[in-house]
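Let me begin by presenting the structure, written as structure tokens, before commenting on it.
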Amino acid sequence: MDSKMKAMETKMAPDVLETGWAWVVLAGCFLCRLLTDGMISSLGVFIIAWREYFPGSLMQLTWITSLLAGVTYIVGPLGSALCKKFDIRQVVMGGAIVTSASFMAASMASSVWHLYITFTLAGVGLGLSYQPSFVILTCYFDRRLARANGFVSAGSAIGMFSLPPLLQTLITTYSWQGAILILAGLEANIGVCAALYRPTNLEIVRKTSIKNKPISTQPRAGCINKIIATILEIWDFHLLKSFFFILILISYCLYGVYIIAFHYLSARAVEAGISDLNAAYLVSAIGIGSLVSRVTHGYIIDHRILSACGLTSLSYLLCSIACAVTPLSDSYAFLMTVGIVIGVSAGVYHSTVPIIAKDSVGVDHVSGAVGWILLAIGGGVMLGSYSTGVLFDATGSYSFPFYLAAGCFMMCSLLIAALPITNYLRRRQRRTFSDVHMKPLSTVA
């Protein structure tokens with residue numbers, strides 16, 4: 001069955017890959033990333049308004065946006081799995097409906113708990129839209145897939161620097177409730193993007209092959225076996241046996257504190273006496289820096305100037321330094337520079353996830369590895385938000401949360417840098433062991 005499916009895919013590929021409609025799909029994926037990843041990174045502007053409206057600690061308020069970000073990453077692999085059973089267009093449209101309806105309900109929230117529930121549901125909708133927008137690219141692009149992926153990733157960066165000033169203006173004009181209601185309308189356009197995801201023959205063949213897989217004739221046993229097989233297929237539990245992959249998961253869990261830089265930098269600026277709108281432009285600066293690195297990181301890796309692990313480790317180091325020096329000055333120019341450096345770093349370690357996954361587990365298990373990495377990031381986002389919120393409430397200062405973020409990014413840098421070193425030592429040990437056993441016994445003696 002697998003060989004027949006691959007033969008059919010190879011036969012159909014020239015008819016569907018990189019045709020005229022592929023560029024329409026590419027534009028839809030670009031806008032979808034702008035409205036998902038770009039929007040998540042811009043929600044920090046609401047925290048300032050919520051602090052004036054809701055009584056409670058900063059930890060309780062930052063938990064709202066962190067739930068949305070964390071759930072989006074955790075549900076992302078589920079979105080990819082659903083694409084194996086349903087049309088990608090159907091999955092993304094369903095996610096758009098859930099997201100838009102959740103934000104509409106959030107605009108009527110009267111307590112923090114209402115926002116917890118609605119933003120969690122919005123995260124589920126975004127998760128169903130986030131990953132499938134990558135999957136559809138593989139159905140339309142092959143030779144130009146890397147460039148197409150880079151272009152789509154740039155949508156996140158453009159969302160980062162365009163949405164924060166827009167959302168802050170909407171909050172000032174219509175209050176945070178009106179801004180979220182308008183945001184619900186914007187997120188509904190994810191469904192418009194999904195309408196462009198026309199199913200291809202490749203997609204139909206892959207779904208048909210899954211549906212035609214034989215299952216047990218016993219109803220109960222067949223159902224249980226099918227569920228277990230599906231879970232194992234999605235998550236690839238055997239990857240957890242690799243010590244090196246565990247190190248990667250730990251590093252990406254720590255990397256989840258990136259949400260601090262995106263959501264706390266503007267609040268830190270307001271505390272320093274900078275206006276709300278100018279503070280929102282700091283998040284835009286992160287987006288500009290991210291756009292630059294998303295466009296250029298492929299050139300650095302492809303031309304072997306630095307490896308994916310080396311470039312990612314360096315970006316973590318720069319982000320650690322930027323977070324560590326953030327509390328040192330209240331100057332707007334200084335904070336703007338910090339934002340750009342954080343953005344340049346973020347653009348790299350966001351974009352190298354699939355490359356590092358492929359290098360660590362091989363091309364056959366990339367999908368499962370990315371699923372585990374997204375799960376680790378989602379857990380890190382929620383854990384990091386809770387920890388930094390507690391630190392702020394205990395100290396009353398944004399300095400300690402940024403110091404915590406600096407420490408976590410430094411650990412990430414060391415862990416990622418250790419991967420090529422340990423792999424080199426392991427290969428050298430195996431080569432030495434092999435050379436010894438290949439020598440004649442008389443020579444060894």
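Residues are named by chain letter and number: chains run A, B, ... in the order of the structure tokens, numbers start at 1 in each chain, and ligands are numbered from 1 in the order shown.
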All residues 6 Å or closer to Met160 (chain A), only C-alpha atoms, same chain fewer than 5 positions away omitted, as number ranges by chain: A: 38, 42, 284, 287
I need the residues from that last selection saved to file as a CSV table (one decimal), in the first residue's frame (with N, CA, C and O atoms), if you can.
```csv
chain,number,residue,atom,x,y,z
A,38,GLY,N,1.5,36.0,14.5
A,38,GLY,CA,1.7,37.5,14.7
A,38,GLY,C,0.8,38.1,15.7
A,38,GLY,O,1.2,39.0,16.5
A,42,SER,N,1.4,39.8,19.7
A,42,SER,CA,1.0,41.2,19.9
A,42,SER,C,0.0,41.5,21.1
A,42,SER,O,-0.4,42.6,21.3
A,284,SER,N,6.6,46.2,17.9
A,284,SER,CA,6.8,46.3,16.4
A,284,SER,C,8.3,46.2,16.1
A,284,SER,O,8.6,45.6,15.1
A,287,GLY,N,9.2,42.7,15.9
A,287,GLY,CA,8.7,42.2,14.6
A,287,GLY,C,9.7,42.5,13.5
A,287,GLY,O,9.9,41.7,12.6
```
Polymer residues at most 8 Å from Ile260 (chain A), only C-alpha atoms, same-chain spacing of 3 or more positions, as a list in words: Val257, His263, Tyr264, Leu265, Gly384, Ser385, Thr388, Pro401, Phe402 and Ala405 of chain A
Can you write out the residues you just picked, keeping N, CA and C atoms, as a compact mmCIF listing (two decimals), in the first residue's frame?
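In the end it all went to result21.txt:
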```
# COMPACT_ATOMS: atom_id res chain seq x y z
N VAL A 257 9.90 30.87 27.64
CA VAL A 257 9.87 32.16 28.34
C VAL A 257 9.98 33.33 27.37
N HIS A 263 5.54 40.18 25.82
CA HIS A 263 4.40 40.72 26.56
C HIS A 263 4.80 41.67 27.68
N TYR A 264 6.04 41.61 28.15
CA TYR A 264 6.45 42.46 29.27
C TYR A 264 7.22 43.69 28.84
N LEU A 265 7.77 43.68 27.61
CA LEU A 265 8.60 44.82 27.21
C LEU A 265 7.78 46.10 27.14
N GLY A 384 6.50 29.48 32.18
CA GLY A 384 7.28 30.71 32.25
C GLY A 384 6.44 31.90 32.62
N SER A 385 5.23 31.97 32.09
CA SER A 385 4.35 33.08 32.41
C SER A 385 3.96 33.07 33.88
N THR A 388 7.17 34.07 36.05
CA THR A 388 7.52 35.49 35.99
C THR A 388 6.43 36.36 36.62
N PRO A 401 11.76 39.27 36.40
CA PRO A 401 11.29 38.43 35.29
C PRO A 401 12.24 38.45 34.10
N PHE A 402 12.82 39.61 33.78
CA PHE A 402 13.75 39.65 32.66
C PHE A 402 15.06 38.93 33.00
N ALA A 405 14.32 35.32 32.47
CA ALA A 405 14.34 35.02 31.03
C ALA A 405 15.77 34.94 30.51
```
Å distance separating CA of Leu128 (chain A) from CA of Ser41 (chain A), one decimal place: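 Distance between the two atoms: 17.6 Å.
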Which of A:Ser360, A:Gly380, A:Gly185, A:Arg294 sits closest to Ser242 (chain A) [using only C-alpha atoms]: A:Ser360
Selection near region 105-107 of chain A, 6 Å with only C-alpha atoms, sequence-local residues under 4 positions removed, as number ranges by chain: A: 115, 118, 177, 180-181
Kindly save the residues from that selection, with N, CA and C atoms included, as a tab-separated table (two decimals), in the first residue's frame.
```tsv
chain	number	residue	atom	x	y	z
A	115	LEU	N	-12.15	35.43	30.76
A	115	LEU	CA	-11.07	35.55	29.77
A	115	LEU	C	-10.23	34.27	29.73
A	118	THR	N	-12.39	31.80	27.55
A	118	THR	CA	-12.53	32.19	26.15
A	118	THR	C	-11.18	32.20	25.42
A	177	GLN	N	-12.61	46.02	25.24
A	177	GLN	CA	-13.71	45.16	24.79
A	177	GLN	C	-13.98	45.34	23.29
A	180	ILE	N	-11.15	43.78	21.19
A	180	ILE	CA	-11.23	42.32	21.05
A	180	ILE	C	-12.35	41.93	20.10
A	181	LEU	N	-13.46	42.68	20.11
A	181	LEU	CA	-14.55	42.39	19.19
A	181	LEU	C	-14.11	42.59	17.73
```
Residues near region 332-342 of chain A, cut-off 8 Å, only C-alpha atoms, skip fewer than 6 positions along chain, as an MDAnalysis selection string: chainID A and resid 261 265 269 274 282:283 285:290 318:319 322:323 326
Convert the current residue selection to file output with C-alpha atoms, as an mmCIF file, in the first residue's frame.
```cif
data_model
loop_
_atom_site.group_PDB
_atom_site.id
_atom_site.type_symbol
_atom_site.label_atom_id
_atom_site.label_comp_id
_atom_site.auth_asym_id
_atom_site.auth_seq_id
_atom_site.Cartn_x
_atom_site.Cartn_y
_atom_site.Cartn_z
ATOM 1 C CA ALA A 261 10.013 39.554 26.140
ATOM 2 C CA LEU A 265 8.599 44.822 27.213
ATOM 3 C CA ALA A 269 8.151 50.853 28.987
ATOM 4 C CA ILE A 274 6.553 55.983 28.015
ATOM 5 C CA LEU A 282 8.539 48.272 20.971
ATOM 6 C CA VAL A 283 6.718 45.065 20.039
ATOM 7 C CA ALA A 285 10.561 46.635 16.761
ATOM 8 C CA ILE A 286 10.696 42.966 17.763
ATOM 9 C CA GLY A 287 8.720 42.175 14.603
ATOM 10 C CA ILE A 288 11.101 44.155 12.390
ATOM 11 C CA GLY A 289 14.129 42.371 13.827
ATOM 12 C CA SER A 290 12.369 39.024 13.473
ATOM 13 C CA LEU A 318 22.095 37.372 22.129
ATOM 14 C CA CYS A 319 18.543 37.168 23.489
ATOM 15 C CA ALA A 322 19.293 41.599 25.670
ATOM 16 C CA CYS A 323 16.955 40.426 28.454
ATOM 17 C CA THR A 326 16.700 45.500 29.754
#
```
Contact residues around Leu314 (chain A) with only C-alpha atoms at 9 Å, ignoring same-chain residues under 4 positions, as a list in words: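 Non-adjacent residues within range: Cys309, Gly310, Leu318, Cys319, Ser345, Ser413 and Ala417 of chain A.
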For the residues selected in the previous step, produce a file with N, CA and C atoms as a compact mmCIF listing (two decimals), in the first residue's frame.
```txt
# COMPACT_ATOMS: atom_id res chain seq x y z
N CYS A 309 22.34 24.48 14.49
CA CYS A 309 22.54 24.48 15.95
C CYS A 309 23.41 25.66 16.38
N GLY A 310 24.46 25.94 15.61
CA GLY A 310 25.35 27.05 15.98
C GLY A 310 24.64 28.39 15.90
N LEU A 318 22.41 35.96 22.33
CA LEU A 318 22.10 37.37 22.13
C LEU A 318 20.81 37.76 22.86
N CYS A 319 19.80 36.88 22.81
CA CYS A 319 18.54 37.17 23.49
C CYS A 319 18.74 37.19 25.00
N SER A 345 16.90 37.66 17.30
CA SER A 345 17.12 36.35 17.92
C SER A 345 15.90 35.46 17.77
N SER A 413 21.01 28.23 25.15
CA SER A 413 22.20 28.37 24.31
C SER A 413 23.20 27.26 24.60
N ALA A 417 24.16 24.27 21.99
CA ALA A 417 25.57 24.22 21.60
C ALA A 417 26.18 22.85 21.92
```
All residues 12 Å or closer to Gln168 (chain A), only C-alpha atoms, same chain fewer than 3 positions away omitted, as a count of residues only: 33
Nearest candidate to Gly273 (chain A) (options A:Thr99, A:Lys241, A:Ser153, A:Ser331; using only C-alpha atoms):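 The closest residue to Gly273 (chain A) is A:Ser331.
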Which residue of A:Val91, A:Ala22, A:Ala195, A:Ile377 approaches Val71 (chain A) most closely, using only C-alpha atoms: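 Among the listed residues, the smallest separation from Val71 (chain A) belongs to A:Ile377.
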Residue nearest Leu375 (chain A) - candidates A:Cys83, A:Val75, A:Leu328, A:Ile97, atoms counted: only C-alpha atoms: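 Counting only C-alpha atoms, the residue closest to Leu375 (chain A) is A:Val75.
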